[in-house]
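Visitor: Below is a structure I'd like to ask you about.
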Amino acid sequence: MATAAKFEDQIRTIDPDEERAFMDAIDRWLEREVIPVIQHHDHGDIWPEKLVEQMAEMGLFGATIGQEYGGLGLPATTYAKIVMRISSYWMAITGIFNSHLIMAAAVERFGTLEQKAKWLPKFATGEIRGGLALTEPNAGTDLQAIRSVAVRDGDDYVINGTKTWISNALNGSCFAMLVKTDPKAEPRYKGMSLFIADKRDGLTTGKKFDKLGYKSIDSAELIMEDYRIPADQLIGGVEGQGFFQATGGLELGRINVAARGVGLAEGSLRLATEYAQQRETMGKPIAQHQAIQLKLGEMVTRARAARLLTLDAAQAYDRGERCDKEAGMAKYFASEAAVDNSQEAMRVYGGYSYSKEYDIERYYRDSMLMCIGEGTNEMQRIIIAKQHVKENQI
């Protein structure tokens, strides 16, 4: 198999006018198509099929895939701004294309030339959509604890095991799946490999999880029972590289989660600001009460700081630099900002915040996931500290 050029060598930029035009198109789409149907889909936990088709037409499933493969080839900074804007109204739908793009990034960064040519054009159009299959019932943050195993059998691999909490499991058709090809390897990460796992005989979907928030996007189990796939779907064509391929893709994933956190923080701020100017007590809008002003002052500062940290991480990613620390800081701070701002907005709304007629309750339900997904915030702080100490050794 031919070796592909390094993805990191492809520094991406975008003309500011082009970026503004794209953001304007996103705004029009949100106003006309998304905002009117959010509550219907969220409250009913209904897959937004029409919106998914529209996202494919706009090219969002190929947002970060190179133009040579039919994608938009957007820099991570532009991609983060898109996610921020959409998430400021409805965070859940960004997960539909984010998980997909992490899968695509794994193929684009580490795949062979043949794998890129075969899969990326179909990923870019959304003809094939999917996500990342890492988590297992006994392996979340500790990826090396996965138990799913792939055994070479002639020109195929046969995989057995179970994945859980997989985004797009029901409505997706392909996944970047991390399994063990050498369960006895020491250290454990040397025995892990990443596969392009498309739905076929042997790969079935288990139960769909009924979640507190993050509605409309399906999260479910994937079950592999003598699931046979061609050996040429081993990403990169070499066993034992899967751990680094998977964790490398998490940089983009954490930037996305950070951007979602920014969107939730900014959306909560927008709603709280609007409500505080409409709601009156003691003869004046509550925005004129010092207690509410203190909350709004904290909220706007958190949202701004989260945005700047996220763009800083995205810029490092675009430069092709290692950015696990920057992505970790952005993900940690922005997700906590989302939780804090949604909680403060709930307090601004008072009793009305408990009514599903008001959107703010959705921001509150959705925000906590950001502290858990793509690596817990506790783990992010450990990563940040280790990198900081390494960079500042005495």
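Ligands are numbered from 1 in the order shown, residues from 1 within each chain, and chains are lettered A, B, ... in the order they appear in the structure tokens.
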Set the distance at 10 Å and use only C-alpha atoms: which residues neighbour segment 175-191 of chain A once local chain neighbours fewer than 3 positions away are removed? I'd like the list as a ChimeraX atom specification.

Guide: /A:99-100,102-107,128-136,143-152,157,159-163,166-169,172,194-199,222,233-235,239-246

Visitor: Using only C-alpha atoms, which protein or nucleic acid residues come within 12 Å of Met58 of chain A? Drop anything in the same chain fewer than 2 positions from it, and give the result as an NGL selection string.

Guide: :A and (22-23 or 25-26 or 28-29 or 51-56 or 60-63 or 71-72 or 82 or 97 or 124-126)

Visitor: Would you save the residues from that selection as a compact mmCIF listing (two decimals), in the first residue's frame, using N, CA, C and O atoms?

Guide:
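Saved file selection35.txt follows:
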# COMPACT_ATOMS: atom_id res chain seq x y z
N PHE A 22 -19.65 32.14 4.28
CA PHE A 22 -20.08 30.84 4.78
C PHE A 22 -20.84 30.99 6.09
O PHE A 22 -21.88 30.34 6.30
N MET A 23 -20.37 31.85 6.98
CA MET A 23 -21.05 32.07 8.25
C MET A 23 -22.42 32.70 8.03
O MET A 23 -23.39 32.37 8.74
N ALA A 25 -24.31 32.14 5.46
CA ALA A 25 -25.15 31.05 4.99
C ALA A 25 -25.61 30.19 6.17
O ALA A 25 -26.77 29.74 6.21
N ILE A 26 -24.73 29.97 7.13
CA ILE A 26 -25.09 29.22 8.33
C ILE A 26 -26.18 29.95 9.10
O ILE A 26 -27.16 29.35 9.57
N ARG A 28 -28.44 32.07 7.95
CA ARG A 28 -29.71 31.98 7.23
C ARG A 28 -30.35 30.61 7.42
O ARG A 28 -31.58 30.49 7.60
N TRP A 29 -29.53 29.58 7.38
CA TRP A 29 -30.03 28.22 7.58
C TRP A 29 -30.60 28.05 8.99
O TRP A 29 -31.69 27.47 9.16
N LEU A 51 -32.78 18.04 8.32
CA LEU A 51 -31.63 18.89 8.63
C LEU A 51 -30.32 18.20 8.25
O LEU A 51 -29.38 18.85 7.79
N VAL A 52 -30.25 16.89 8.44
CA VAL A 52 -29.06 16.14 8.06
C VAL A 52 -28.83 16.23 6.55
O VAL A 52 -27.71 16.43 6.08
N GLU A 53 -29.91 16.11 5.79
CA GLU A 53 -29.80 16.25 4.34
C GLU A 53 -29.30 17.64 3.96
O GLU A 53 -28.48 17.80 3.05
N GLN A 54 -29.79 18.65 4.65
CA GLN A 54 -29.37 20.02 4.37
C GLN A 54 -27.91 20.24 4.76
O GLN A 54 -27.16 20.93 4.05
N MET A 55 -27.48 19.63 5.85
CA MET A 55 -26.07 19.74 6.25
C MET A 55 -25.17 19.10 5.21
O MET A 55 -24.07 19.61 4.93
N ALA A 56 -25.62 18.00 4.64
CA ALA A 56 -24.85 17.36 3.57
C ALA A 56 -24.76 18.27 2.36
O ALA A 56 -23.70 18.41 1.74
N LEU A 60 -21.19 20.22 5.15
CA LEU A 60 -20.68 20.12 6.51
C LEU A 60 -20.07 18.76 6.82
O LEU A 60 -19.19 18.66 7.68
N PHE A 61 -20.50 17.71 6.12
CA PHE A 61 -19.89 16.40 6.36
C PHE A 61 -18.51 16.30 5.74
O PHE A 61 -17.77 15.35 6.00
N GLY A 62 -18.15 17.29 4.93
CA GLY A 62 -16.81 17.35 4.38
C GLY A 62 -16.07 18.61 4.81
O GLY A 62 -15.09 19.01 4.18
N ALA A 63 -16.53 19.22 5.90
CA ALA A 63 -16.01 20.53 6.30
C ALA A 63 -14.49 20.57 6.43
O ALA A 63 -13.83 21.48 5.93
N GLY A 71 -13.96 17.59 -0.22
CA GLY A 71 -14.39 18.31 0.97
C GLY A 71 -14.20 19.80 0.84
O GLY A 71 -13.69 20.30 -0.17
N LEU A 72 -14.61 20.53 1.86
CA LEU A 72 -14.45 21.99 1.85
C LEU A 72 -13.03 22.40 2.22
O LEU A 72 -12.60 23.51 1.89
N ILE A 82 -18.05 27.72 13.02
CA ILE A 82 -19.32 27.15 12.56
C ILE A 82 -19.99 26.39 13.70
O ILE A 82 -21.19 26.53 13.96
N PHE A 97 -22.20 15.73 12.64
CA PHE A 97 -21.09 15.83 11.70
C PHE A 97 -19.73 15.85 12.38
O PHE A 97 -18.72 15.54 11.76
N ALA A 124 -17.07 12.92 2.37
CA ALA A 124 -17.23 14.36 2.15
C ALA A 124 -18.64 14.73 1.73
O ALA A 124 -19.19 15.76 2.14
N THR A 125 -19.26 13.90 0.91
CA THR A 125 -20.61 14.19 0.45
C THR A 125 -21.68 13.78 1.46
O THR A 125 -22.83 14.20 1.37
N GLY A 126 -21.30 12.96 2.43
CA GLY A 126 -22.27 12.43 3.36
C GLY A 126 -22.96 11.18 2.85
O GLY A 126 -23.86 10.65 3.50

Visitor: Mind the document's chain letters and residue numbers, and return as a list in words the residues of segment 196-244 of chain A that DSSP labels strand (DSSP E or B).

Guide: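 Of segment 196-244 of chain A, the ones in strand (DSSP E or B) are Ile196, Ala197, Asp198, Leu203, Thr204, Thr205, Gly206, Lys207, Lys208, Ser219, Ala220, Glu221, Leu222, Ile223, Met224, Glu225, Asp226, Tyr227, Arg228, Ile229, Pro230 and Leu234 of chain A.
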
Visitor: Work out how far apart atom CA of Gln277 of chain A and atom CA of Ser88 of chain A are and give it in Å to one decimal.

Guide: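 Atom CA of Ser88 of chain A lies 19.4 Å from atom CA of Gln277 of chain A.
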
Visitor: Please list as a PyMOL selection string every residue within 12 Å of Leu309 of chain A, counting only C-alpha atoms and excluding residues in the same chain fewer than 2 positions away.

Guide: chain A and resi 77+80+254-255+258-259+261-262+302-307+311-316+323+325-335+337

Visitor: Which of these residues is nearest to Asn377 of chain A, using only C-alpha atoms: A:Thr141, A:Leu74, A:Met91, A:Leu296?

Guide: A:Thr141

Visitor: State, in Å with one decimal place, the distance from atom CA of Val34 of chain A to atom CA of Tyr358 of chain A.

Guide: 16.1 Å

Visitor: Looking at A:Arg270, A:Lys211, A:Lys116, A:Arg260, which one is nearest to Glu374 of chain A, with distances taken over only C-alpha atoms?

Guide: A:Arg260

Visitor: Return as a ChimeraX atom specification the full set of residues in segment 191-342 of chain A whose backbone-based DSSP assignment is alpha helix (DSSP H).

Guide: /A:242-278,290-318,324-342

Visitor: By how many Å are atom CA of Glu57 of chain A and atom CA of Gly44 of chain A apart?

Guide: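 Those two atoms sit 25.0 Å apart.
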
Visitor: Write out as a Markdown table the residues of segment 134-239 of chain A that have any atom within 7 Å of an atom of segment 45-49 of chain A, one row each with the nearest atom pair and its distance in Å to one decimal, counting only C-alpha atoms, sorted by chain and then rising number.

Guide:
| residue | atom | partner | partner_atom | distance |
| --- | --- | --- | --- | --- |
| A:Lys215 | CA | A:Asp45 | CA | 5.0 |
| A:Ser216 | CA | A:Asp45 | CA | 4.4 |
| A:Ile217 | CA | A:Trp47 | CA | 6.2 |

Visitor: Could you please take those selected residues and save all heavy atoms as a short mmCIF file (atom, residue, chain, number, x, y, z; two decimals), in the first residue's frame?

Guide:
data_model
loop_
_atom_site.label_atom_id
_atom_site.label_comp_id
_atom_site.auth_asym_id
_atom_site.auth_seq_id
_atom_site.Cartn_x
_atom_site.Cartn_y
_atom_site.Cartn_z
N LYS A 215 -30.32 15.36 22.76
CA LYS A 215 -31.38 14.61 22.11
C LYS A 215 -31.25 14.69 20.58
O LYS A 215 -30.53 15.53 20.05
CB LYS A 215 -32.75 15.16 22.52
CG LYS A 215 -33.01 15.13 24.02
CD LYS A 215 -33.29 13.71 24.51
CE LYS A 215 -33.78 13.70 25.94
NZ LYS A 215 -34.15 12.35 26.40
N SER A 216 -31.96 13.82 19.92
CA SER A 216 -32.08 13.75 18.45
C SER A 216 -30.90 13.07 17.78
O SER A 216 -31.05 12.48 16.72
CB SER A 216 -32.30 15.14 17.83
OG SER A 216 -33.52 15.69 18.25
N ILE A 217 -29.71 13.16 18.35
CA ILE A 217 -28.59 12.38 17.83
C ILE A 217 -28.59 11.04 18.58
O ILE A 217 -28.73 11.01 19.81
CB ILE A 217 -27.25 13.11 17.99
CG1 ILE A 217 -26.10 12.22 17.47
CG2 ILE A 217 -27.00 13.53 19.42
CD1 ILE A 217 -24.75 12.93 17.44
#
